>>> print(open('work-v4.pdb').read())   # PDB, C-alpha atoms and all ligand atoms
ATOM      1  CA  MET A   1     175.185 -29.913 -69.252
ATOM      2  CA  ALA A   2     174.315 -27.701 -66.290
ATOM      3  CA  MET A   3     173.961 -29.594 -63.050
ATOM      4  CA  ILE A   4     170.519 -29.324 -61.507
ATOM      5  CA  ARG A   5     170.511 -27.210 -58.349
ATOM      6  CA  ARG A   6     168.066 -28.543 -55.782
ATOM      7  CA  ASN A   7     167.037 -25.316 -54.009
ATOM      8  CA  ARG A   8     164.098 -27.119 -52.465
ATOM      9  CA  ILE A   9     166.399 -29.253 -50.287
ATOM     10  CA  LEU A  10     166.556 -26.394 -47.795
ATOM     11  CA  ARG A  11     162.765 -26.373 -47.611
ATOM     12  CA  VAL A  12     162.117 -30.082 -47.144
ATOM     13  CA  SER A  13     161.017 -30.058 -43.479
ATOM     14  CA  PRO A  14     160.114 -27.596 -40.738
ATOM     15  CA  ALA A  15     163.363 -28.449 -38.944
ATOM     16  CA  ILE A  16     165.490 -27.704 -41.994
ATOM     17  CA  ARG A  17     163.579 -24.509 -42.681
ATOM     18  CA  ALA A  18     164.069 -23.412 -39.085
ATOM     19  CA  MET A  19     167.776 -24.208 -39.304
ATOM     20  CA  VAL A  20     168.339 -21.946 -42.293
ATOM     21  CA  ALA A  21     165.892 -19.169 -41.413
ATOM     22  CA  GLU A  22     167.689 -15.834 -41.671
ATOM     23  CA  THR A  23     165.199 -13.752 -39.732
ATOM     24  CA  ILE A  24     163.814 -14.732 -36.356
ATOM     25  CA  LEU A  25     161.477 -12.540 -34.371
ATOM     26  CA  THR A  26     162.007 -12.325 -30.629
ATOM     27  CA  PRO A  27     159.953 -10.568 -27.928
ATOM     28  CA  GLY A  28     162.769  -8.049 -27.491
ATOM     29  CA  ASP A  29     162.150  -6.767 -31.035
ATOM     30  CA  PHE A  30     158.847  -5.234 -30.088
ATOM     31  CA  ILE A  31     157.741  -1.907 -28.708
ATOM     32  CA  ALA A  32     154.133  -2.032 -27.519
ATOM     33  CA  PRO A  33     152.123   1.183 -27.945
ATOM     34  CA  LEU A  34     149.710   1.928 -25.100
ATOM     35  CA  PHE A  35     146.830   4.412 -25.082
ATOM     36  CA  VAL A  36     146.120   5.861 -21.659
ATOM     37  CA  THR A  37     142.906   7.616 -20.717
ATOM     38  CA  GLU A  38     141.714   9.318 -17.507
ATOM     39  CA  GLY A  39     139.655   7.458 -14.927
ATOM     40  CA  GLU A  40     139.799   4.203 -13.044
ATOM     41  CA  ASN A  41     139.094   0.687 -14.232
ATOM     42  CA  VAL A  42     138.375   2.026 -17.734
ATOM     43  CA  LYS A  43     138.845  -0.278 -20.700
ATOM     44  CA  GLU A  44     137.471   1.139 -23.953
ATOM     45  CA  GLU A  45     137.819  -0.673 -27.241
ATOM     46  CA  ILE A  46     138.918   1.613 -30.060
ATOM     47  CA  SER A  47     136.166   1.322 -32.629
ATOM     48  CA  SER A  48     138.460   1.270 -35.659
ATOM     49  CA  MET A  49     141.026  -0.974 -33.924
ATOM     50  CA  PRO A  50     139.101  -4.067 -32.829
ATOM     51  CA  GLY A  51     140.876  -5.877 -30.017
ATOM     52  CA  TYR A  52     142.885  -2.797 -29.000
ATOM     53  CA  PHE A  53     141.956  -0.684 -26.011
ATOM     54  CA  ARG A  54     142.373   2.600 -24.247
ATOM     55  CA  TYR A  55     143.067   1.878 -20.594
ATOM     56  CA  SER A  56     142.951   4.047 -17.512
ATOM     57  CA  LEU A  57     146.276   4.228 -15.721
ATOM     58  CA  ASP A  58     145.552   1.427 -13.240
ATOM     59  CA  LEU A  59     144.782  -0.993 -16.072
ATOM     60  CA  THR A  60     147.660   0.368 -18.167
ATOM     61  CA  VAL A  61     150.067  -0.655 -15.420
ATOM     62  CA  LYS A  62     148.457  -4.089 -15.331
ATOM     63  CA  GLU A  63     148.840  -4.393 -19.092
ATOM     64  CA  ALA A  64     152.472  -3.258 -18.933
ATOM     65  CA  LYS A  65     153.165  -5.949 -16.322
ATOM     66  CA  GLU A  66     151.656  -8.552 -18.596
ATOM     67  CA  LEU A  67     153.787  -7.339 -21.502
ATOM     68  CA  TRP A  68     156.898  -7.476 -19.341
ATOM     69  CA  GLY A  69     155.992 -11.014 -18.297
ATOM     70  CA  LEU A  70     155.863 -11.978 -21.959
ATOM     71  CA  GLY A  71     159.356 -10.608 -22.560
ATOM     72  CA  ILE A  72     158.363  -7.328 -24.182
ATOM     73  CA  LYS A  73     160.871  -4.798 -22.937
ATOM     74  CA  SER A  74     159.428  -1.525 -24.128
ATOM     75  CA  VAL A  75     156.202   0.438 -24.218
ATOM     76  CA  LEU A  76     155.435   3.589 -26.182
ATOM     77  CA  LEU A  77     152.960   5.800 -24.381
ATOM     78  CA  PHE A  78     150.197   7.949 -25.828
ATOM     79  CA  VAL A  79     147.558   9.735 -23.831
ATOM     80  CA  LYS A  80     144.028  10.781 -24.653
ATOM     81  CA  ALA A  81     143.586  14.250 -23.257
ATOM     82  CA  PRO A  82     140.078  15.525 -22.505
ATOM     83  CA  ASP A  83     138.906  18.441 -24.685
ATOM     84  CA  SER A  84     138.840  20.675 -21.615
ATOM     85  CA  VAL A  85     142.662  20.744 -21.395
ATOM     86  CA  LYS A  86     143.335  21.276 -25.097
ATOM     87  CA  ASP A  87     144.657  24.599 -26.307
ATOM     88  CA  ASN A  88     146.995  26.012 -28.948
ATOM     89  CA  LYS A  89     150.050  26.276 -26.697
ATOM     90  CA  GLY A  90     150.670  22.768 -25.444
ATOM     91  CA  THR A  91     149.984  23.829 -21.844
ATOM     92  CA  GLU A  92     148.886  20.357 -20.774
ATOM     93  CA  ALA A  93     151.789  18.726 -22.634
ATOM     94  CA  VAL A  94     154.238  20.144 -20.099
ATOM     95  CA  ASN A  95     152.062  19.704 -17.014
ATOM     96  CA  PRO A  96     154.234  17.796 -14.502
ATOM     97  CA  ASN A  97     151.062  16.111 -13.242
ATOM     98  CA  GLY A  98     149.542  15.509 -16.645
ATOM     99  CA  LEU A  99     148.304  12.052 -17.555
ATOM    100  CA  MET A 100     151.475  11.300 -19.520
ATOM    101  CA  GLN A 101     153.769  12.283 -16.697
ATOM    102  CA  ARG A 102     151.709  10.285 -14.180
ATOM    103  CA  SER A 103     151.713   7.302 -16.523
ATOM    104  CA  ILE A 104     155.481   7.333 -16.881
ATOM    105  CA  ARG A 105     155.929   7.433 -13.105
ATOM    106  CA  ALA A 106     153.398   4.688 -12.463
ATOM    107  CA  ILE A 107     154.904   2.299 -15.007
ATOM    108  CA  LYS A 108     158.484   2.945 -13.883
ATOM    109  CA  ASP A 109     157.407   2.437 -10.267
ATOM    110  CA  ALA A 110     155.727  -0.866 -11.061
ATOM    111  CA  ILE A 111     158.322  -2.203 -13.524
ATOM    112  CA  PRO A 112     161.569  -0.252 -13.116
ATOM    113  CA  ASP A 113     163.344  -2.123 -15.916
ATOM    114  CA  MET A 114     160.651  -1.544 -18.515
ATOM    115  CA  VAL A 115     161.926   0.825 -21.222
ATOM    116  CA  VAL A 116     159.363   3.585 -21.224
ATOM    117  CA  MET A 117     159.141   5.615 -24.413
ATOM    118  CA  THR A 118     156.850   8.583 -24.850
ATOM    119  CA  ASP A 119     155.303  10.210 -27.882
ATOM    120  CA  VAL A 120     156.297  13.844 -28.180
ATOM    121  CA  ALA A 121     154.009  15.974 -30.352
ATOM    122  CA  LEU A 122     151.235  18.403 -29.562
ATOM    123  CA  ASP A 123     148.333  16.731 -31.375
ATOM    124  CA  PRO A 124     146.650  15.039 -28.391
ATOM    125  CA  TYR A 125     146.738  18.394 -26.588
ATOM    126  CA  SER A 126     145.959  20.658 -29.526
ATOM    127  CA  SER A 127     142.560  22.273 -29.947
ATOM    128  CA  TYR A 128     143.362  22.099 -33.679
ATOM    129  CA  GLY A 129     144.512  18.473 -33.678
ATOM    130  CA  HIS A 130     147.851  19.512 -35.156
ATOM    131  CA  ASP A 131     151.307  18.435 -34.030
ATOM    132  CA  GLY A 132     152.406  22.026 -33.560
ATOM    133  CA  ILE A 133     151.232  25.499 -32.673
ATOM    134  CA  VAL A 134     148.865  27.031 -35.199
ATOM    135  CA  GLU A 135     149.012  30.618 -36.408
ATOM    136  CA  GLY A 136     146.437  31.423 -39.070
ATOM    137  CA  THR A 137     146.640  28.373 -41.309
ATOM    138  CA  GLN A 138     150.318  27.680 -40.564
ATOM    139  CA  ILE A 139     151.867  25.178 -38.188
ATOM    140  CA  VAL A 140     154.718  27.329 -36.891
ATOM    141  CA  ASN A 141     158.028  25.538 -36.501
ATOM    142  CA  ASP A 142     160.226  27.333 -34.015
ATOM    143  CA  PRO A 143     157.677  28.122 -31.282
ATOM    144  CA  THR A 144     156.566  24.480 -31.527
ATOM    145  CA  VAL A 145     160.124  23.208 -31.128
ATOM    146  CA  GLU A 146     160.454  25.239 -27.956
ATOM    147  CA  VAL A 147     157.381  23.542 -26.430
ATOM    148  CA  LEU A 148     158.439  20.086 -27.651
ATOM    149  CA  ALA A 149     161.765  20.523 -25.884
ATOM    150  CA  ARG A 150     160.040  21.437 -22.604
ATOM    151  CA  MET A 151     157.596  18.560 -23.096
ATOM    152  CA  SER A 152     160.521  16.153 -23.552
ATOM    153  CA  LEU A 153     162.176  17.487 -20.422
ATOM    154  CA  SER A 154     159.010  16.940 -18.413
ATOM    155  CA  HIS A 155     158.850  13.339 -19.658
ATOM    156  CA  ALA A 156     162.490  12.831 -18.687
ATOM    157  CA  GLN A 157     161.821  14.318 -15.268
ATOM    158  CA  ALA A 158     158.942  11.865 -14.813
ATOM    159  CA  GLY A 159     161.326   9.016 -15.629
ATOM    160  CA  ALA A 160     160.985   8.321 -19.365
ATOM    161  CA  ASP A 161     163.864   6.315 -20.817
ATOM    162  CA  PHE A 162     163.329   7.573 -24.362
ATOM    163  CA  VAL A 163     161.351  10.452 -25.758
ATOM    164  CA  ALA A 164     159.987   9.852 -29.228
ATOM    165  CA  PRO A 165     159.297  13.068 -31.140
ATOM    166  CA  SER A 166     156.705  12.315 -33.825
ATOM    167  CA  ASP A 167     155.997  15.883 -34.905
ATOM    168  CA  MET A 168     158.371  16.343 -37.879
ATOM    169  CA  MET A 169     159.296  19.935 -36.990
ATOM    170  CA  ASP A 170     162.766  20.999 -38.121
ATOM    171  CA  GLY A 171     165.490  21.174 -35.514
ATOM    172  CA  ARG A 172     163.579  19.508 -32.703
ATOM    173  CA  ILE A 173     166.105  16.744 -32.071
ATOM    174  CA  LEU A 174     168.876  19.249 -31.396
ATOM    175  CA  ALA A 175     166.621  21.329 -29.152
ATOM    176  CA  ILE A 176     165.568  18.241 -27.204
ATOM    177  CA  ARG A 177     169.136  16.973 -26.853
ATOM    178  CA  ASN A 178     170.239  20.389 -25.605
ATOM    179  CA  ILE A 179     167.519  20.752 -23.003
ATOM    180  CA  LEU A 180     168.160  17.219 -21.726
ATOM    181  CA  GLU A 181     171.889  17.946 -21.464
ATOM    182  CA  GLU A 182     171.356  21.282 -19.739
ATOM    183  CA  ASN A 183     169.247  19.544 -17.122
ATOM    184  CA  GLY A 184     171.546  16.622 -16.538
ATOM    185  CA  PHE A 185     169.469  13.962 -18.305
ATOM    186  CA  VAL A 186     172.491  12.367 -19.901
ATOM    187  CA  ASN A 187     170.904   8.907 -19.988
ATOM    188  CA  THR A 188     167.613   9.865 -21.611
ATOM    189  CA  GLY A 189     167.461   8.688 -25.202
ATOM    190  CA  ILE A 190     165.765  10.098 -28.253
ATOM    191  CA  MET A 191     163.956   7.809 -30.649
ATOM    192  CA  ALA A 192     163.259  10.122 -33.571
ATOM    193  CA  TYR A 193     160.394   9.524 -35.931
ATOM    194  CA  SER A 194     162.807  10.599 -38.650
ATOM    195  CA  ALA A 195     161.062   9.358 -41.756
ATOM    196  CA  LYS A 196     157.452   9.975 -40.921
ATOM    197  CA  TYR A 197     155.194  10.188 -43.911
ATOM    198  CA  ALA A 198     151.860  11.994 -44.258
ATOM    199  CA  SER A 199     149.787   8.832 -44.325
ATOM    200  CA  CYS A 200     146.181   7.722 -44.423
ATOM    201  CA  PHE A 201     147.245   4.738 -42.328
ATOM    202  CA  TYR A 202     147.142   6.849 -39.137
ATOM    203  CA  GLY A 203     143.351   7.118 -39.384
ATOM    204  CA  PRO A 204     142.438   4.645 -36.615
ATOM    205  CA  PHE A 205     145.047   6.144 -34.264
ATOM    206  CA  ARG A 206     143.389   9.522 -34.577
ATOM    207  CA  ASP A 207     140.122   7.854 -33.510
ATOM    208  CA  ALA A 208     141.927   6.347 -30.547
ATOM    209  CA  LEU A 209     143.124   9.725 -29.296
ATOM    210  CA  ASP A 210     140.436  11.910 -30.811
ATOM    211  CA  SER A 211     143.258  13.840 -32.453
ATOM    212  CA  ALA A 212     142.283  14.238 -36.109
ATOM    213  CA  PRO A 213     143.364  17.600 -37.520
ATOM    214  CA  GLY A 214     140.529  20.107 -37.299
ATOM    215  CA  PHE A 215     141.539  21.772 -40.550
ATOM    216  CA  GLY A 216     143.767  20.850 -43.452
ATOM    217  CA  ASP A 217     146.180  17.936 -43.244
ATOM    218  CA  LYS A 218     149.714  17.289 -42.036
ATOM    219  CA  LYS A 219     151.434  17.523 -45.410
ATOM    220  CA  THR A 220     153.412  20.666 -44.584
ATOM    221  CA  TYR A 221     155.342  18.813 -41.929
ATOM    222  CA  GLN A 222     155.046  15.061 -42.523
ATOM    223  CA  MET A 223     156.802  13.747 -45.620
ATOM    224  CA  ASP A 224     155.430  13.151 -49.096
ATOM    225  CA  TYR A 225     155.128   9.439 -49.810
ATOM    226  CA  ALA A 226     156.483  10.033 -53.301
ATOM    227  CA  ASN A 227     159.965  10.582 -51.853
ATOM    228  CA  SER A 228     162.761   8.391 -50.570
ATOM    229  CA  ARG A 229     165.870  10.594 -50.726
ATOM    230  CA  GLU A 230     164.129  13.033 -48.440
ATOM    231  CA  ALA A 231     163.908  10.241 -45.850
ATOM    232  CA  ILE A 232     167.678   9.898 -45.975
ATOM    233  CA  LYS A 233     168.115  13.655 -45.516
ATOM    234  CA  GLU A 234     165.721  13.783 -42.560
ATOM    235  CA  THR A 235     167.278  10.756 -40.920
ATOM    236  CA  MET A 236     170.879  11.888 -41.357
ATOM    237  CA  MET A 237     170.016  15.275 -39.872
ATOM    238  CA  ASP A 238     168.272  13.684 -36.903
ATOM    239  CA  ILE A 239     171.323  11.537 -36.223
ATOM    240  CA  GLU A 240     173.638  14.562 -36.458
ATOM    241  CA  GLU A 241     171.350  16.399 -34.063
ATOM    242  CA  GLY A 242     171.548  13.569 -31.558
ATOM    243  CA  ALA A 243     168.955  10.869 -32.278
ATOM    244  CA  ASP A 244     169.831   7.528 -30.685
ATOM    245  CA  ILE A 245     167.278   5.465 -32.619
ATOM    246  CA  VAL A 246     165.596   6.465 -35.868
ATOM    247  CA  MET A 247     162.196   5.375 -37.034
ATOM    248  CA  VAL A 248     160.347   4.813 -40.282
ATOM    249  CA  LYS A 249     156.603   5.224 -40.228
ATOM    250  CA  PRO A 250     154.327   3.690 -41.501
ATOM    251  CA  ALA A 251     156.074   0.394 -42.149
ATOM    252  CA  MET A 252     154.636  -1.908 -44.811
ATOM    253  CA  ALA A 253     154.308   0.625 -47.629
ATOM    254  CA  TYR A 254     157.781   1.944 -46.732
ATOM    255  CA  MET A 255     159.931  -1.163 -46.571
ATOM    256  CA  ASP A 256     162.259   0.295 -49.204
ATOM    257  CA  ILE A 257     162.943   3.175 -46.824
ATOM    258  CA  ILE A 258     163.667   0.794 -43.937
ATOM    259  CA  SER A 259     166.044  -1.129 -46.154
ATOM    260  CA  ILE A 260     167.873   1.955 -47.458
ATOM    261  CA  LEU A 261     168.281   3.436 -43.994
ATOM    262  CA  LYS A 262     169.487   0.167 -42.523
ATOM    263  CA  GLN A 263     172.335   0.191 -45.025
ATOM    264  CA  ARG A 264     173.170   3.855 -44.516
ATOM    265  CA  VAL A 265     173.041   4.480 -40.793
ATOM    266  CA  THR A 266     174.814   3.028 -37.800
ATOM    267  CA  VAL A 267     172.103   3.654 -35.196
ATOM    268  CA  PRO A 268     169.236   1.195 -34.638
ATOM    269  CA  VAL A 269     166.399   1.535 -37.119
ATOM    270  CA  SER A 270     162.921   1.080 -35.834
ATOM    271  CA  ALA A 271     159.725   0.628 -37.858
ATOM    272  CA  TYR A 272     156.251   1.632 -36.753
ATOM    273  CA  HIS A 273     153.598  -0.794 -37.958
ATOM    274  CA  VAL A 274     150.848   1.763 -37.524
ATOM    275  CA  SER A 275     147.191   1.681 -36.591
ATOM    276  CA  GLY A 276     145.866   1.384 -40.151
ATOM    277  CA  GLU A 277     148.185  -1.525 -40.818
ATOM    278  CA  TYR A 278     146.831  -3.237 -37.720
ATOM    279  CA  SER A 279     143.222  -2.551 -38.672
ATOM    280  CA  MET A 280     143.631  -3.792 -42.245
ATOM    281  CA  ILE A 281     144.709  -7.201 -41.013
ATOM    282  CA  LYS A 282     141.982  -7.239 -38.365
ATOM    283  CA  ALA A 283     139.266  -6.326 -40.856
ATOM    284  CA  ALA A 284     140.326  -8.886 -43.429
ATOM    285  CA  ALA A 285     140.606 -11.555 -40.733
ATOM    286  CA  GLU A 286     137.153 -10.711 -39.371
ATOM    287  CA  ARG A 287     135.738 -11.404 -42.802
ATOM    288  CA  GLY A 288     137.620 -14.652 -43.051
ATOM    289  CA  TRP A 289     139.724 -13.350 -45.936
ATOM    290  CA  LEU A 290     143.081 -13.628 -44.176
ATOM    291  CA  ASP A 291     144.438 -15.864 -41.449
ATOM    292  CA  GLU A 292     145.174 -13.274 -38.780
ATOM    293  CA  ASN A 293     147.953 -15.122 -36.974
ATOM    294  CA  LYS A 294     149.791 -15.927 -40.176
ATOM    295  CA  ALA A 295     149.389 -12.364 -41.424
ATOM    296  CA  ILE A 296     150.848 -11.006 -38.177
ATOM    297  CA  LEU A 297     153.970 -13.142 -38.255
ATOM    298  CA  GLU A 298     154.555 -12.702 -41.982
ATOM    299  CA  SER A 299     154.197  -8.920 -41.755
ATOM    300  CA  LEU A 300     156.443  -8.495 -38.735
ATOM    301  CA  THR A 301     159.078 -10.920 -40.004
ATOM    302  CA  GLY A 302     159.073  -9.008 -43.286
ATOM    303  CA  LEU A 303     159.768  -5.776 -41.462
ATOM    304  CA  LYS A 304     162.665  -7.301 -39.581
ATOM    305  CA  ARG A 305     164.019  -8.836 -42.795
ATOM    306  CA  ALA A 306     163.805  -5.399 -44.457
ATOM    307  CA  GLY A 307     166.103  -4.078 -41.744
ATOM    308  CA  ALA A 308     164.027  -3.062 -38.741
ATOM    309  CA  ASP A 309     165.956  -3.585 -35.506
ATOM    310  CA  LEU A 310     162.857  -2.703 -33.499
ATOM    311  CA  ILE A 311     159.184  -2.808 -34.404
ATOM    312  CA  ALA A 312     156.507  -0.736 -32.731
ATOM    313  CA  THR A 313     153.323  -2.713 -33.271
ATOM    314  CA  TYR A 314     149.840  -3.156 -31.853
ATOM    315  CA  PHE A 315     150.394  -6.863 -32.473
ATOM    316  CA  ALA A 316     153.319  -7.089 -30.029
ATOM    317  CA  LYS A 317     151.443  -9.200 -27.496
ATOM    318  CA  ASP A 318     149.781 -11.420 -30.121
ATOM    319  CA  ALA A 319     153.097 -11.938 -31.888
ATOM    320  CA  VAL A 320     154.892 -13.027 -28.719
ATOM    321  CA  LYS A 321     152.102 -15.437 -27.868
ATOM    322  CA  LEU A 322     152.355 -16.911 -31.368
ATOM    323  CA  LEU A 323     156.137 -17.187 -31.128
ATOM    324  CA  ASN A 324     155.809 -19.031 -27.827
ATOM    325  CA  LYS A 325     153.413 -21.611 -29.266
TER     326      LYS A 325
HETATM  327  C1  LIG B 401     151.267  11.920 -33.288
HETATM  328  C2  LIG B 401     151.332  10.526 -33.770
HETATM  329  C3  LIG B 401     150.551   9.900 -34.753
HETATM  330  C4  LIG B 401     150.911   8.559 -34.735
HETATM  331  C5  LIG B 401     151.926   8.415 -33.805
HETATM  332  N1  LIG B 401     152.184   9.640 -33.226
HETATM  333  C6  LIG B 401     149.451  10.417 -35.575
HETATM  334  C7  LIG B 401     149.699  11.466 -36.569
HETATM  335  O1  LIG B 401     150.828  11.870 -36.839
HETATM  336  O2  LIG B 401     148.707  11.961 -37.081
HETATM  337  C8  LIG B 401     150.284   7.492 -35.580
HETATM  338  C9  LIG B 401     150.404   6.098 -35.035
HETATM  339  C10 LIG B 401     149.502   5.107 -35.652
HETATM  340  O3  LIG B 401     148.753   5.380 -36.618
HETATM  341  O4  LIG B 401     149.508   3.980 -35.157
HETATM  342  N2  LIG B 401     151.993  12.842 -33.935
END
>>> encode(input="work-v4.pdb", output="structure tokens", more="lines below")
Ligand code: PBG
Amino acid sequence: MAMIRRNRILRVSPAIRAMVAETILTPGDFIAPLFVTEGENVKEEISSMPGYFRYSLDLTVKEAKELWGLGIKSVLLFVKAPDSVKDNKGTEAVNPNGLMQRSIRAIKDAIPDMVVMTDVALDPYSSYGHDGIVEGTQIVNDPTVEVLARMSLSHAQAGADFVAPSDMMDGRILAIRNILEENGFVNTGIMAYSAKYASCFYGPFRDALDSAPGFGDKKTYQMDYANSREAIKETMMDIEEGADIVMVKPAMAYMDIISILKQRVTVPVSAYHVSGEYSMIKAAAERGWLDENKAILESLTGLKRAGADLIATYFAKDAVKLLNK
């Protein structure tokens, strides 16, 4: 007769469960995205992201200090550019005194050890709301890559530790690595959004930055969610071209991709729990349909269990506070 196996023994008490837990979140797992806007003492709630704000630079620095105090070691910067500076060439993206460049300097000045990462793509600066330069109805690859490389260099010059290209143009990692090398930025890293899917879950983010595409969609450059092998191809190429960290985005509907990449690659894999994933939990919690705190920890632990070494999430601060309880 088969002996009964008492699997439940390992679940008897919180102490036993803690002892055998395979996946433990720590503050160092998180990258906190920050939205910076012009002005002073500005704190604007993003309508489709309740509880998340756009801050002017002074308050962004304050927020970054608070994050650092909680043990969060990295921020990922996005800026909201006013319409008046948007064009189809990325002029403002490479402005050495642009809001992004000023933000990098201010945060590094205030907290030199904070790992400052910066989004590299043209959408916040594009009069068309696209990640690249538009010609007719096309998003043209090679001229865009040239601007993205100069944009990355300007972020490095301002003091960014990592640039994070989120544009999905071909060949941009190599171009960025080359321009950084040529200019002596041998310690500036590249966190590549390697497997970035064309996703409806970016909706609230585009509200936050007022960066929704003015025509069409992003399906000619971001990946088709029907595919997984393509994610491997994109990621392998980014690593060959010089990516130091690769990223999967969004996260929860793409945990298979995180898991596959974790097994295949030897660089850190990061997951971006994106704006729509944040807002879904917020909305359900507001209605009393989900316990927000439990949903946060379960979601983020799941991402780490799937293989994420790092998690970019709007819940970074909430998660750390919950972990410290
Ligand atoms: C810009 C960019 C986007 C996000 C990060 N960088 C939007 C997009 O590609 O349309 C989305 C982040 C989020 O939804 O939280 N290229």
>>> resolve_selection(input="work-v4.pdb", expression="the PyMOL selection byres (((not hetatm)) within 10 of (chain B and resi 401))", output="NGL selection string")
:A and (33 or 49 or 76-78 or 118-124 or 129-132 or 164-168 or 193 or 196-209 or 211-213 or 217-218 or 221-222 or 249-250 or 272-279 or 312-314)
>>> resolve_selection(input="work-v4.pdb", expression="the PyMOL selection byres (((chain A and resi 281-287) around 10) and not hetatm)", output="list in words")
Ser48, Met49, Pro50, Gly51, Gly276, Glu277, Tyr278, Ser279, Met280, Gly288, Trp289, Leu290, Asp291, Glu292, Asn293, Ala295, Ile296 and Ser299 of chain A
>>> residues_near_point(input="work-v4.pdb", point="(140.3, 20.1, -23.8)", cutoff="10 Å", atoms="all atoms listed in the file", output="number ranges by chain")
A: 81-87, 92, 124-127
>>> residues_around(input="work-v4.pdb", residues="segment 54-56 of chain A", least_positions_apart="2", cutoff="7 Å", atoms="all atoms listed in the file", output="JSON, numbers by chain")
{"A": [35, 36, 37, 38, 39, 40, 41, 42, 43, 44, 45, 46, 58, 59, 60]}
>>> atom_distance(input="work-v4.pdb", atom1="atom CA of Val116 of chain A", atom2="atom CA of Ala271 of chain A")
16.9 Å
>>> resolve_selection(input="work-v4.pdb", expression="the PyMOL selection byres (((chain A and resi 148-162) around 7) and not hetatm)", output="CSV table (one decimal) with C-alpha atoms, in the frame of the given file")
chain,number,residue,atom,x,y,z
A,93,ALA,CA,151.8,18.7,-22.6
A,94,VAL,CA,154.2,20.1,-20.1
A,96,PRO,CA,154.2,17.8,-14.5
A,101,GLN,CA,153.8,12.3,-16.7
A,104,ILE,CA,155.5,7.3,-16.9
A,105,ARG,CA,155.9,7.4,-13.1
A,108,LYS,CA,158.5,2.9,-13.9
A,115,VAL,CA,161.9,0.8,-21.2
A,116,VAL,CA,159.4,3.6,-21.2
A,117,MET,CA,159.1,5.6,-24.4
A,118,THR,CA,156.8,8.6,-24.8
A,120,VAL,CA,156.3,13.8,-28.2
A,121,ALA,CA,154.0,16.0,-30.4
A,144,THR,CA,156.6,24.5,-31.5
A,145,VAL,CA,160.1,23.2,-31.1
A,146,GLU,CA,160.5,25.2,-28.0
A,147,VAL,CA,157.4,23.5,-26.4
A,163,VAL,CA,161.4,10.5,-25.8
A,164,ALA,CA,160.0,9.9,-29.2
A,175,ALA,CA,166.6,21.3,-29.2
A,176,ILE,CA,165.6,18.2,-27.2
A,179,ILE,CA,167.5,20.8,-23.0
A,180,LEU,CA,168.2,17.2,-21.7
A,188,THR,CA,167.6,9.9,-21.6
A,189,GLY,CA,167.5,8.7,-25.2
A,190,ILE,CA,165.8,10.1,-28.3
A,191,MET,CA,164.0,7.8,-30.6
>>> closest_residue(input="work-v4.pdb", among="A:Gly302, A:Met3, A:Trp68, A:Arg172", to="Glu240 of chain A", atoms="all atoms listed in the file")
A:Arg172
>>> atom_distance(input="work-v4.pdb", atom1="atom CA of Ile107 of chain A", atom2="atom CA of Val75 of chain A")
9.5 Å
>>> residues_around(input="work-v4.pdb", residues="segment 15-22 of chain A", least_positions_apart="2", cutoff="12 Å", atoms="all atoms listed in the file", output="ChimeraX atom specification")
/A:7-13,24-25,301-302,304-307
>>> axis_aligned_box(input="work-v4.pdb", around="segment 8-14 of chain A", padding_each_side="4 Å", output="AutoDock Vina command-line options")
--center_x 163.3 --center_y -28.2 --center_z -46.6 --size_x 14.4 --size_y 11.7 --size_z 19.7
>>> atom_distance(input="work-v4.pdb", atom1="atom CA of Met223 of chain A", atom2="atom CA of Ala195 of chain A")
7.2 Å
>>> closest_residue(input="work-v4.pdb", among="A:Ala192, A:Leu322, A:Ala64, A:Leu297", to="Asp170 of chain A", atoms="all atoms listed in the file")
A:Ala192
